[in-house]
>>> print(open('run09.cif').read())   # mmCIF, C-alpha atoms
data_query
loop_
_atom_site.label_atom_id
_atom_site.label_comp_id
_atom_site.auth_asym_id
_atom_site.auth_seq_id
_atom_site.Cartn_x
_atom_site.Cartn_y
_atom_site.Cartn_z
CA MET V 1195 -6.75 -29.76 -5.34
CA THR V 1196 -5.11 -31.74 -2.53
CA ARG V 1197 -6.58 -31.59 0.93
CA ARG V 1198 -3.60 -29.53 2.07
CA GLN V 1199 -4.12 -27.05 -0.77
CA GLN V 1200 -7.79 -26.84 0.12
CA ILE V 1201 -6.90 -26.06 3.75
CA LEU V 1202 -4.50 -23.34 2.58
CA GLU V 1203 -7.16 -21.76 0.37
CA THR V 1204 -9.70 -21.73 3.16
CA ALA V 1205 -7.25 -20.43 5.76
CA GLY V 1206 -6.04 -17.71 3.37
CA ASP V 1207 -9.58 -16.56 2.79
CA LEU V 1208 -10.36 -16.44 6.53
CA PHE V 1209 -7.07 -14.69 7.37
CA ARG V 1210 -7.80 -12.12 4.70
CA ARG V 1211 -11.33 -11.38 5.81
CA GLN V 1212 -10.88 -11.33 9.56
CA GLY V 1213 -7.13 -11.33 10.20
CA TYR V 1214 -4.70 -14.04 11.21
CA HIS V 1215 -5.03 -13.58 14.96
CA ALA V 1216 -8.83 -13.50 14.93
CA THR V 1217 -9.02 -16.84 13.07
CA SER V 1218 -8.92 -20.10 15.05
CA MET V 1219 -7.83 -23.54 13.90
CA ARG V 1220 -11.28 -24.75 14.95
CA GLU V 1221 -12.85 -22.29 12.51
CA ILE V 1222 -10.54 -23.39 9.70
CA ALA V 1223 -11.41 -27.04 10.40
CA ARG V 1224 -15.12 -26.26 10.32
CA ASN V 1225 -14.77 -24.47 6.98
CA VAL V 1226 -12.97 -27.38 5.34
CA ARG V 1227 -15.39 -29.81 7.04
CA LEU V 1228 -12.79 -31.60 9.07
CA GLN V 1229 -12.69 -32.49 12.72
CA GLY V 1230 -10.07 -30.43 14.54
CA SER V 1231 -8.04 -33.59 15.11
CA SER V 1232 -8.11 -34.46 11.39
CA LEU V 1233 -6.93 -30.97 10.50
CA TYR V 1234 -3.84 -31.53 12.62
CA ALA V 1235 -3.00 -34.57 10.49
CA HIS V 1236 -2.39 -32.14 7.61
CA ILE V 1237 -1.10 -29.03 9.39
CA HIS V 1238 0.68 -28.78 12.72
CA SER V 1239 -0.13 -25.21 13.67
CA LYS V 1240 -1.79 -22.00 12.57
CA GLU V 1241 1.66 -20.48 12.21
CA GLU V 1242 2.63 -23.22 9.77
CA LEU V 1243 -0.44 -22.31 7.71
CA LEU V 1244 0.46 -18.64 7.72
CA ALA V 1245 4.04 -19.41 6.71
CA ALA V 1246 2.88 -21.63 3.85
CA ILE V 1247 0.45 -18.99 2.56
CA VAL V 1248 2.95 -16.16 2.78
CA GLU V 1249 5.70 -18.21 1.11
CA GLU V 1250 3.38 -19.24 -1.68
CA ALA V 1251 2.53 -15.61 -2.38
CA ALA V 1252 6.18 -14.51 -2.17
CA ASP V 1253 7.18 -17.32 -4.55
CA ALA V 1254 4.47 -16.30 -7.02
CA PHE V 1255 5.75 -12.70 -7.14
CA VAL V 1256 9.39 -13.75 -7.45
CA ALA V 1257 8.60 -16.29 -10.18
CA ALA V 1258 6.51 -13.78 -12.15
CA ALA V 1259 9.22 -11.11 -12.11
CA GLY V 1260 11.89 -13.70 -12.85
CA GLY V 1261 9.95 -14.72 -15.95
CA VAL V 1262 10.35 -11.26 -17.52
CA ASP V 1263 13.24 -11.10 -19.99
CA ARG V 1264 16.00 -8.95 -18.50
CA THR V 1265 17.36 -8.06 -21.91
CA LEU V 1266 14.19 -6.24 -22.99
CA PRO V 1267 14.40 -2.47 -23.45
CA PRO V 1268 13.64 -0.82 -20.06
CA ARG V 1269 10.28 0.55 -21.13
CA GLU V 1270 9.00 -2.84 -22.27
CA ARG V 1271 10.60 -4.64 -19.34
CA LEU V 1272 8.88 -2.35 -16.83
CA ARG V 1273 5.59 -2.79 -18.65
CA GLN V 1274 5.93 -6.56 -18.38
CA LEU V 1275 7.03 -6.41 -14.73
CA ALA V 1276 3.96 -4.32 -13.91
CA ARG V 1277 1.72 -6.76 -15.76
CA ALA V 1278 3.30 -9.75 -14.01
CA HIS V 1279 2.76 -8.06 -10.65
CA LEU V 1280 -0.90 -7.31 -11.38
CA GLN V 1281 -1.42 -10.83 -12.69
CA VAL V 1282 -0.18 -12.33 -9.41
CA MET V 1283 -2.44 -9.91 -7.52
CA CYS V 1284 -5.44 -11.06 -9.57
CA ASP V 1285 -4.60 -14.77 -9.33
CA GLU V 1286 -3.59 -14.81 -5.68
CA LEU V 1287 -5.53 -11.98 -4.12
CA PRO V 1288 -6.39 -13.67 -0.79
CA HIS V 1289 -2.85 -14.97 -0.26
CA ALA V 1290 -1.26 -11.74 -1.47
CA THR V 1291 -3.38 -9.80 1.01
CA VAL V 1292 -2.33 -12.07 3.87
CA PHE V 1293 1.26 -11.74 2.67
CA PHE V 1294 1.16 -7.92 2.78
CA HIS V 1295 -0.62 -7.77 6.14
CA GLU V 1296 0.97 -10.55 8.11
CA TRP V 1297 4.44 -11.41 6.85
CA SER V 1298 6.17 -9.15 9.35
CA HIS V 1299 4.59 -11.11 12.21
CA LEU V 1300 6.22 -14.38 11.22
CA PRO V 1301 9.01 -15.63 13.47
CA GLN V 1302 12.67 -15.77 12.55
CA PRO V 1303 14.36 -17.11 10.45
CA LEU V 1304 11.30 -17.12 8.21
CA ARG V 1305 10.99 -13.35 8.38
CA SER V 1306 14.58 -12.77 7.27
CA GLU V 1307 14.11 -15.18 4.36
CA LEU V 1308 11.05 -13.21 3.29
CA VAL V 1309 12.95 -9.93 3.52
CA GLN V 1310 15.58 -11.43 1.24
CA ARG V 1311 12.97 -12.50 -1.28
CA ARG V 1312 11.29 -9.11 -1.12
CA ASP V 1313 14.62 -7.41 -1.72
CA ALA V 1314 15.35 -9.70 -4.67
CA TYR V 1315 11.93 -8.86 -6.06
CA GLN V 1316 12.40 -5.13 -5.65
CA ALA V 1317 15.80 -5.40 -7.32
CA HIS V 1318 14.07 -6.19 -10.64
CA PHE V 1319 12.35 -2.82 -10.38
CA SER V 1320 15.35 -0.76 -9.27
CA GLU V 1321 17.37 -2.43 -12.05
CA VAL V 1322 14.92 -1.50 -14.76
CA VAL V 1323 14.54 2.08 -13.49
CA ARG V 1324 18.32 2.54 -13.47
CA ALA V 1325 18.68 0.92 -16.89
CA GLY V 1326 16.00 3.23 -18.26
CA VAL V 1327 17.72 6.29 -16.80
CA ALA V 1328 21.06 5.11 -18.18
CA ASP V 1329 19.80 4.67 -21.76
CA GLY V 1330 17.60 7.77 -21.70
CA SER V 1331 14.25 5.95 -21.75
CA PHE V 1332 13.28 7.46 -18.40
CA THR V 1333 14.06 10.90 -17.07
CA VAL V 1334 13.76 10.79 -13.29
CA GLU V 1335 15.41 13.05 -10.80
CA ASP V 1336 15.80 10.41 -8.11
CA PRO V 1337 15.97 6.77 -9.30
CA ALA V 1338 15.72 5.32 -5.77
CA LEU V 1339 12.57 7.32 -5.07
CA ALA V 1340 11.21 6.50 -8.52
CA THR V 1341 11.60 2.78 -7.75
CA LEU V 1342 9.66 3.21 -4.51
CA PHE V 1343 7.01 5.17 -6.42
CA VAL V 1344 6.52 2.32 -8.90
CA LEU V 1345 6.45 -0.36 -6.19
CA SER V 1346 4.05 1.69 -4.07
CA ALA V 1347 1.60 2.19 -6.91
CA LEU V 1348 1.73 -1.55 -7.65
CA ASN V 1349 1.68 -2.96 -4.13
CA TRP V 1350 -1.31 -1.00 -2.86
CA THR V 1351 -3.46 -2.44 -5.67
CA TYR V 1352 -4.30 -5.40 -3.40
CA GLN V 1353 -6.56 -2.98 -1.53
CA TRP V 1354 -8.88 -2.25 -4.45
CA LEU V 1355 -8.17 -4.75 -7.19
CA ASP V 1356 -11.24 -6.73 -8.25
CA PRO V 1357 -10.24 -9.67 -10.47
CA HIS V 1358 -13.82 -9.65 -11.79
CA GLY V 1359 -14.09 -5.86 -12.06
CA ARG V 1360 -14.84 -3.64 -15.05
CA LEU V 1361 -11.33 -3.93 -16.52
CA ASP V 1362 -9.78 -7.23 -17.51
CA LEU V 1363 -6.14 -7.82 -16.69
CA ASP V 1364 -4.92 -6.70 -20.13
CA ALA V 1365 -6.72 -3.36 -20.00
CA LEU V 1366 -5.82 -2.74 -16.37
CA ALA V 1367 -2.15 -3.59 -16.89
CA GLN V 1368 -1.90 -1.44 -19.98
CA ARG V 1369 -3.51 1.65 -18.42
CA TYR V 1370 -1.64 1.26 -15.16
CA ALA V 1371 1.72 0.77 -16.90
CA ASP V 1372 1.01 3.83 -19.05
CA MET V 1373 0.72 5.97 -15.91
CA LEU V 1374 3.82 4.43 -14.34
CA LEU V 1375 5.87 5.03 -17.49
CA LEU V 1376 4.61 8.60 -17.83
CA GLY V 1377 5.46 9.14 -14.16
CA LEU V 1378 9.03 8.10 -14.95
CA GLY V 1379 9.20 10.76 -17.61
CA ASP V 1380 8.95 8.32 -20.50
CA ALA V 1381 8.25 10.68 -23.36
CA SER V 1382 7.48 7.88 -25.82
CA THR V 1383 4.37 6.82 -23.86
CA ALA V 1384 2.03 9.46 -25.16
CA ALA V 1385 -0.55 10.85 -22.78
CA PRO V 1386 -3.92 9.60 -24.04
CA SER V 1387 -5.30 12.91 -25.28
CA ALA V 1388 -2.35 13.26 -27.62
CA SER V 1389 -2.59 9.81 -29.22
CA GLY V 1390 -6.20 8.90 -28.53
CA HIS V 1391 -4.99 5.84 -26.64
CA GLY V 1392 -1.94 5.61 -24.42
CA GLY V 1393 0.58 2.84 -24.95
CA MET O 1143 1.31 15.39 26.89
CA THR O 1144 -1.57 14.05 28.98
CA ARG O 1145 -1.33 10.60 30.47
CA ARG O 1146 -4.00 9.41 28.05
CA GLN O 1147 -2.03 10.78 25.10
CA GLN O 1148 1.10 9.11 26.41
CA ILE O 1149 -0.75 5.78 26.61
CA LEU O 1150 -1.97 6.23 23.03
CA GLU O 1151 1.56 6.95 21.79
CA THR O 1152 2.97 3.90 23.52
CA ALA O 1153 0.16 1.62 22.39
CA GLY O 1154 0.45 2.92 18.82
CA ASP O 1155 4.14 2.16 18.78
CA LEU O 1156 3.63 -1.37 20.16
CA PHE O 1157 0.72 -2.10 17.78
CA ARG O 1158 2.86 -0.93 14.89
CA ARG O 1159 5.88 -3.03 15.76
CA GLN O 1160 4.21 -6.27 16.79
CA GLY O 1161 0.57 -5.97 15.73
CA TYR O 1162 -2.59 -5.22 17.66
CA HIS O 1163 -3.45 -8.79 18.56
CA ALA O 1164 0.05 -9.67 19.75
CA THR O 1165 0.12 -6.70 22.16
CA SER O 1166 -1.35 -7.10 25.66
CA MET O 1167 -2.73 -4.44 27.98
CA ARG O 1168 -0.18 -5.63 30.53
CA GLU O 1169 2.62 -4.84 28.08
CA ILE O 1170 1.20 -1.39 27.38
CA ALA O 1171 0.94 -0.71 31.12
CA ARG O 1172 4.55 -1.79 31.64
CA ASN O 1173 5.75 0.51 28.85
CA VAL O 1174 4.01 3.57 30.31
CA ARG O 1175 5.11 2.49 33.80
CA LEU O 1176 1.64 2.01 35.20
CA GLN O 1177 0.13 -0.86 37.12
CA GLY O 1178 -2.43 -2.70 35.02
CA SER O 1179 -5.16 -1.47 37.34
CA SER O 1180 -4.06 2.18 36.94
CA LEU O 1181 -4.08 1.81 33.15
CA TYR O 1182 -7.74 0.85 33.30
CA ALA O 1183 -8.49 4.16 35.03
CA HIS O 1184 -7.55 5.85 31.73
CA ILE O 1185 -8.63 3.29 29.13
CA HIS O 1186 -11.33 0.65 29.38
CA SER O 1187 -10.10 -1.83 26.80
CA LYS O 1188 -7.48 -2.53 24.16
CA GLU O 1189 -10.17 -2.07 21.54
CA GLU O 1190 -10.86 1.44 22.86
CA LEU O 1191 -7.16 2.18 22.41
CA LEU O 1192 -7.16 0.88 18.86
CA ALA O 1193 -10.27 2.88 18.02
CA ALA O 1194 -8.74 6.08 19.45
CA ILE O 1195 -5.51 5.59 17.50
CA VAL O 1196 -7.23 4.80 14.23
CA GLU O 1197 -9.65 7.72 14.59
CA GLU O 1198 -6.82 10.10 15.37
CA ALA O 1199 -5.00 9.05 12.20
CA ALA O 1200 -8.17 9.24 10.09
CA ASP O 1201 -8.91 12.70 11.46
CA ALA O 1202 -5.39 13.87 10.64
CA PHE O 1203 -5.71 12.78 7.01
CA VAL O 1204 -9.17 14.29 6.62
CA ALA O 1205 -8.12 17.58 8.24
CA ALA O 1206 -4.98 17.82 6.08
CA ALA O 1207 -6.87 17.32 2.83
CA GLY O 1208 -9.65 19.63 4.00
CA GLY O 1209 -7.05 22.35 4.54
CA VAL O 1210 -6.14 22.41 0.84
CA ASP O 1211 -7.92 25.18 -1.06
CA ARG O 1212 -10.48 23.59 -3.42
CA THR O 1213 -10.36 26.58 -5.76
CA LEU O 1214 -6.70 26.07 -6.66
CA PRO O 1215 -5.89 24.98 -10.21
CA PRO O 1216 -5.97 21.13 -10.32
CA ARG O 1217 -2.22 20.78 -10.79
CA GLU O 1218 -1.43 22.88 -7.71
CA ARG O 1219 -4.26 21.37 -5.69
CA LEU O 1220 -3.03 17.84 -6.34
CA ARG O 1221 0.49 18.90 -5.45
CA GLN O 1222 -0.75 20.28 -2.12
CA LEU O 1223 -2.94 17.24 -1.44
CA ALA O 1224 0.07 14.97 -2.00
CA ARG O 1225 2.19 17.10 0.31
CA ALA O 1226 -0.50 17.13 3.00
CA HIS O 1227 -0.76 13.34 2.78
CA LEU O 1228 3.00 12.86 3.08
CA GLN O 1229 3.13 15.33 5.96
CA VAL O 1230 0.57 13.32 7.94
CA MET O 1231 2.54 10.16 7.15
CA CYS O 1232 5.71 11.77 8.52
CA ASP O 1233 4.03 13.26 11.59
CA GLU O 1234 1.87 10.27 12.48
CA LEU O 1235 3.76 7.29 11.12
CA PRO O 1236 3.05 4.83 13.97
CA HIS O 1237 -0.65 5.70 14.12
CA ALA O 1238 -0.98 5.82 10.34
CA THR O 1239 0.57 2.34 10.14
CA VAL O 1240 -1.86 0.98 12.72
CA PHE O 1241 -4.67 2.71 10.83
CA PHE O 1242 -3.77 1.03 7.52
CA HIS O 1243 -3.24 -2.40 9.07
CA GLU O 1244 -5.97 -2.65 11.64
CA TRP O 1245 -8.91 -0.39 10.84
CA SER O 1246 -10.82 -3.14 9.07
CA HIS O 1247 -10.77 -5.23 12.24
CA LEU O 1248 -12.66 -2.66 14.30
CA PRO O 1249 -16.26 -3.52 15.20
CA GLN O 1250 -19.34 -1.82 13.80
CA PRO O 1251 -20.47 0.95 13.76
CA LEU O 1252 -16.92 2.24 14.04
CA ARG O 1253 -15.84 0.49 10.88
CA SER O 1254 -18.63 2.04 8.80
CA GLU O 1255 -17.77 5.47 10.14
CA LEU O 1256 -14.17 4.94 9.07
CA VAL O 1257 -15.24 3.82 5.60
CA GLN O 1258 -17.24 7.04 5.31
CA ARG O 1259 -14.24 9.12 6.32
CA ARG O 1260 -12.00 7.22 3.92
CA ASP O 1261 -14.46 7.80 1.10
CA ALA O 1262 -14.66 11.51 1.94
CA TYR O 1263 -10.88 11.65 1.90
CA GLN O 1264 -10.60 9.86 -1.43
CA ALA O 1265 -13.22 12.21 -2.88
CA HIS O 1266 -10.70 15.07 -2.67
CA PHE O 1267 -8.47 13.10 -5.00
CA SER O 1268 -11.12 11.95 -7.45
CA GLU O 1269 -12.43 15.52 -7.56
CA VAL O 1270 -9.06 17.02 -8.43
CA VAL O 1271 -8.34 14.35 -11.07
CA ARG O 1272 -11.70 14.97 -12.72
CA ALA O 1273 -11.25 18.73 -12.53
CA GLY O 1274 -7.83 18.41 -14.12
CA VAL O 1275 -9.20 16.26 -16.93
CA ALA O 1276 -12.07 18.71 -17.46
CA ASP O 1277 -9.82 21.76 -17.78
CA GLY O 1278 -7.14 19.96 -19.78
CA SER O 1279 -4.46 20.00 -17.08
CA PHE O 1280 -4.36 16.20 -17.01
CA THR O 1281 -4.76 13.80 -19.89
CA VAL O 1282 -5.77 10.44 -18.48
CA GLU O 1283 -7.61 7.67 -20.22
CA ASP O 1284 -9.44 6.45 -17.13
CA PRO O 1285 -10.02 9.04 -14.35
CA ALA O 1286 -11.27 6.46 -11.83
CA LEU O 1287 -8.18 4.31 -12.32
CA ALA O 1288 -5.96 7.40 -12.25
CA THR O 1289 -7.40 8.33 -8.85
CA LEU O 1290 -6.62 4.84 -7.53
CA PHE O 1291 -3.13 5.13 -9.00
CA VAL O 1292 -2.48 8.39 -7.11
CA LEU O 1293 -3.91 7.08 -3.84
CA SER O 1294 -1.96 3.82 -4.16
CA ALA O 1295 1.34 5.59 -4.71
CA LEU O 1296 0.63 7.79 -1.67
CA ASN O 1297 -0.83 5.23 0.72
CA TRP O 1298 1.92 2.65 0.41
CA THR O 1299 4.52 5.23 1.49
CA TYR O 1300 3.87 4.24 5.13
CA GLN O 1301 5.84 1.09 4.33
CA TRP O 1302 9.11 2.85 3.51
CA LEU O 1303 8.83 6.48 4.62
CA ASP O 1304 11.54 7.52 7.04
CA PRO O 1305 10.71 10.91 8.60
CA HIS O 1306 14.43 11.27 9.34
CA GLY O 1307 15.63 9.92 5.99
CA ARG O 1308 17.81 11.49 3.31
CA LEU O 1309 15.02 13.68 1.91
CA ASP O 1310 13.20 16.26 4.00
CA LEU O 1311 9.45 16.59 3.56
CA ASP O 1312 9.73 19.45 1.05
CA ALA O 1313 12.09 17.57 -1.26
CA LEU O 1314 10.19 14.31 -0.93
CA ALA O 1315 6.80 15.93 -1.57
CA GLN O 1316 8.08 17.84 -4.58
CA ARG O 1317 9.72 14.84 -6.26
CA TYR O 1318 6.83 12.54 -5.49
CA ALA O 1319 4.24 15.03 -6.74
CA ASP O 1320 6.30 15.53 -9.91
CA MET O 1321 6.00 11.81 -10.68
CA LEU O 1322 2.28 11.75 -9.84
CA LEU O 1323 1.60 14.74 -12.08
CA LEU O 1324 3.65 13.31 -14.93
CA GLY O 1325 1.76 10.03 -14.50
CA LEU O 1326 -1.48 11.95 -15.03
CA GLY O 1327 -0.13 13.26 -18.31
CA ASP O 1328 0.50 16.77 -16.99
CA ALA O 1329 2.63 18.17 -19.77
CA SER O 1330 3.54 21.30 -17.82
CA THR O 1331 5.48 19.29 -15.22
CA ALA O 1332 8.63 18.86 -17.22
CA ALA O 1333 10.52 15.60 -16.84
CA PRO O 1334 13.75 16.48 -15.04
CA SER O 1335 16.14 15.92 -17.94
CA ALA O 1336 14.24 18.44 -20.02
CA SER O 1337 14.32 21.25 -17.46
CA GLY O 1338 17.20 20.20 -15.26
CA HIS O 1339 14.85 20.04 -12.29
CA GLY O 1340 11.27 18.79 -12.25
CA GLY O 1341 8.53 20.94 -10.72
#
>>> encode(input="run09.cif", output="structure tokens")
Amino acid sequence: MTRRQQILETAGDLFRRQGYHATSMREIARNVRLQGSSLYAHIHSKEELLAAIVEEAADAFVAAAGGVDRTLPPRERLRQLARAHLQVMCDELPHATVFFHEWSHLPQPLRSELVQRRDAYQAHFSEVVRAGVADGSFTVEDPALATLFVLSALNWTYQWLDPHGRLDLDALAQRYADMLLLGLGDASTAAPSASGHGG
Amino acid sequence: MTRRQQILETAGDLFRRQGYHATSMREIARNVRLQGSSLYAHIHSKEELLAAIVEEAADAFVAAAGGVDRTLPPRERLRQLARAHLQVMCDELPHATVFFHEWSHLPQPLRSELVQRRDAYQAHFSEVVRAGVADGSFTVEDPALATLFVLSALNWTYQWLDPHGRLDLDALAQRYADMLLLGLGDASTAAPSASGHGG
């Protein structure tokens, strides 16, 4: 890990636990065992740190969704998008938390760039919902609301997800995707009492 | 509206738009057209304002869920809990947003009291999921995860909910609850293509 990466990790962890505004550069320096003046050799400002953390998290989400094959059947594509999302949450929990809490406080033009990336990310989900409605995989009354439903259920996970919790990523992603697919009226994802095991 | 209430509304709106830490007492005073010194006759500190806003939002959620009849069948009880939640979101969007973003930065013992209220609130949802599994209304593999799924889908709505948007509260609550119930494997909530109209 480079010194810069180490500073980002430490800052992300402090921002997550106590908030961006309540964290000082002095505190970050102390936690990476640098003099304040040495810290400034790597990073020019606290805002630069925040921007780097938020962009790293945004890039991770965009890359994960972009890695899912767009030609998959909607049901399988949504399952893989959900898994990719939860994987980023598990891998990048401190940075993802800072991203969700603080991105809107970044200055322009950074904020607009993040909105664009967020929109591009969400487009994967609206695309798959619409594709699933079009080919009959999903039966939703309101595709736009259904997309928000899926994104809401996924995004809020940063509040409770424990990467070392009782479920590993595979089990979590499978059970969570089962509920999302059922919520979209996917009749082929059997409710667990019918099949013994959903998905 | 009392002067204190007016100050809370203004502060809540500023905290929501620019964050608690980035908002000064001077700015709040200017927005309610008070001299800084007059503001302090009503409110002792910015932290007191934050605490009042967050507690008001927490109380609104707890009161709304508490108003739902616990003896209702699980399906109907969950539908009403979801509607109550979305109603508070619509009615109290600025304060609810501040609540979700800032509550964890409040000092003790306030923070512990809020955790207790949050847990009591979430208990309504875990109770109804478990009751629905017990009586066969819902067929979920993992009731604890299903509860988190429902709360996640509901909580994140503060990010996109527009109280003056294309759907009124009734339509929004019905469509959203349909997806939640389907996600819990509620076979009696027909997917919309099967019945023409879900719920």
>>> closest_atom_pairs(input="run09.cif", of="chain V", to="chain O", cutoff="6 Å", atoms="all atoms listed in the file", output="JSON lines")
{"residue": "V:Thr1333", "atom": "CA", "partner": "O:Ser1335", "partner_atom": "CA", "distance": 5.5}
{"residue": "V:Val1334", "atom": "CA", "partner": "O:Pro1334", "partner_atom": "CA", "distance": 6.0}
{"residue": "V:Glu1335", "atom": "CA", "partner": "O:Pro1334", "partner_atom": "CA", "distance": 5.7}
{"residue": "V:Phe1343", "atom": "CA", "partner": "O:Ala1295", "partner_atom": "CA", "distance": 5.9}
{"residue": "V:Ser1346", "atom": "CA", "partner": "O:Ala1295", "partner_atom": "CA", "distance": 4.8}
{"residue": "V:Ala1347", "atom": "CA", "partner": "O:Ala1295", "partner_atom": "CA", "distance": 4.1}
{"residue": "V:Trp1350", "atom": "CA", "partner": "O:Ser1294", "partner_atom": "CA", "distance": 5.0}
{"residue": "V:Met1373", "atom": "CA", "partner": "O:Gly1325", "partner_atom": "CA", "distance": 4.4}
{"residue": "V:Leu1374", "atom": "CA", "partner": "O:Gly1325", "partner_atom": "CA", "distance": 6.0}
{"residue": "V:Leu1376", "atom": "CA", "partner": "O:Gly1325", "partner_atom": "CA", "distance": 4.6}
{"residue": "V:Gly1377", "atom": "CA", "partner": "O:Gly1325", "partner_atom": "CA", "distance": 3.8}
{"residue": "V:Gly1379", "atom": "CA", "partner": "O:Ala1333", "partner_atom": "CA", "distance": 5.1}
{"residue": "V:Ala1385", "atom": "CA", "partner": "O:Gly1327", "partner_atom": "CA", "distance": 5.1}
{"residue": "V:Pro1386", "atom": "CA", "partner": "O:Glu1283", "partner_atom": "CA", "distance": 5.7}
{"residue": "V:Ser1387", "atom": "CA", "partner": "O:Thr1281", "partner_atom": "CA", "distance": 5.5}
>>> closest_residue(input="run09.cif", among="O:Leu1191, O:Ala1265, O:Leu1150, O:Ala1273", to="Thr1213 of chain O", atoms="only C-alpha atoms")
O:Ala1273
>>> atom_distance(input="run09.cif", atom1="atom CA of Leu1252 of chain O", atom2="atom CA of Asp1155 of chain O")
21.6 Å
>>> atom_distance(input="run09.cif", atom1="atom CA of Val1282 of chain V", atom2="atom CA of Ala1259 of chain V")
9.9 Å
>>> closest_residue(input="run09.cif", among="O:Ser1166, O:Arg1260, O:Arg1308, O:Gln1222", to="Leu1181 of chain O", atoms="all atoms listed in the file")
O:Ser1166
>>> resolve_selection(input="run09.cif", expression="the PyMOL selection byres ((chain O and resi 1239) around 9)", output="NGL selection string")
:O and (1154 or 1157-1158 or 1199 or 1231 or 1234-1238 or 1240-1244 or 1300-1301)
>>> atom_distance(input="run09.cif", atom1="atom CA of Pro1216 of chain O", atom2="atom CA of Ser1279 of chain O")
7.0 Å
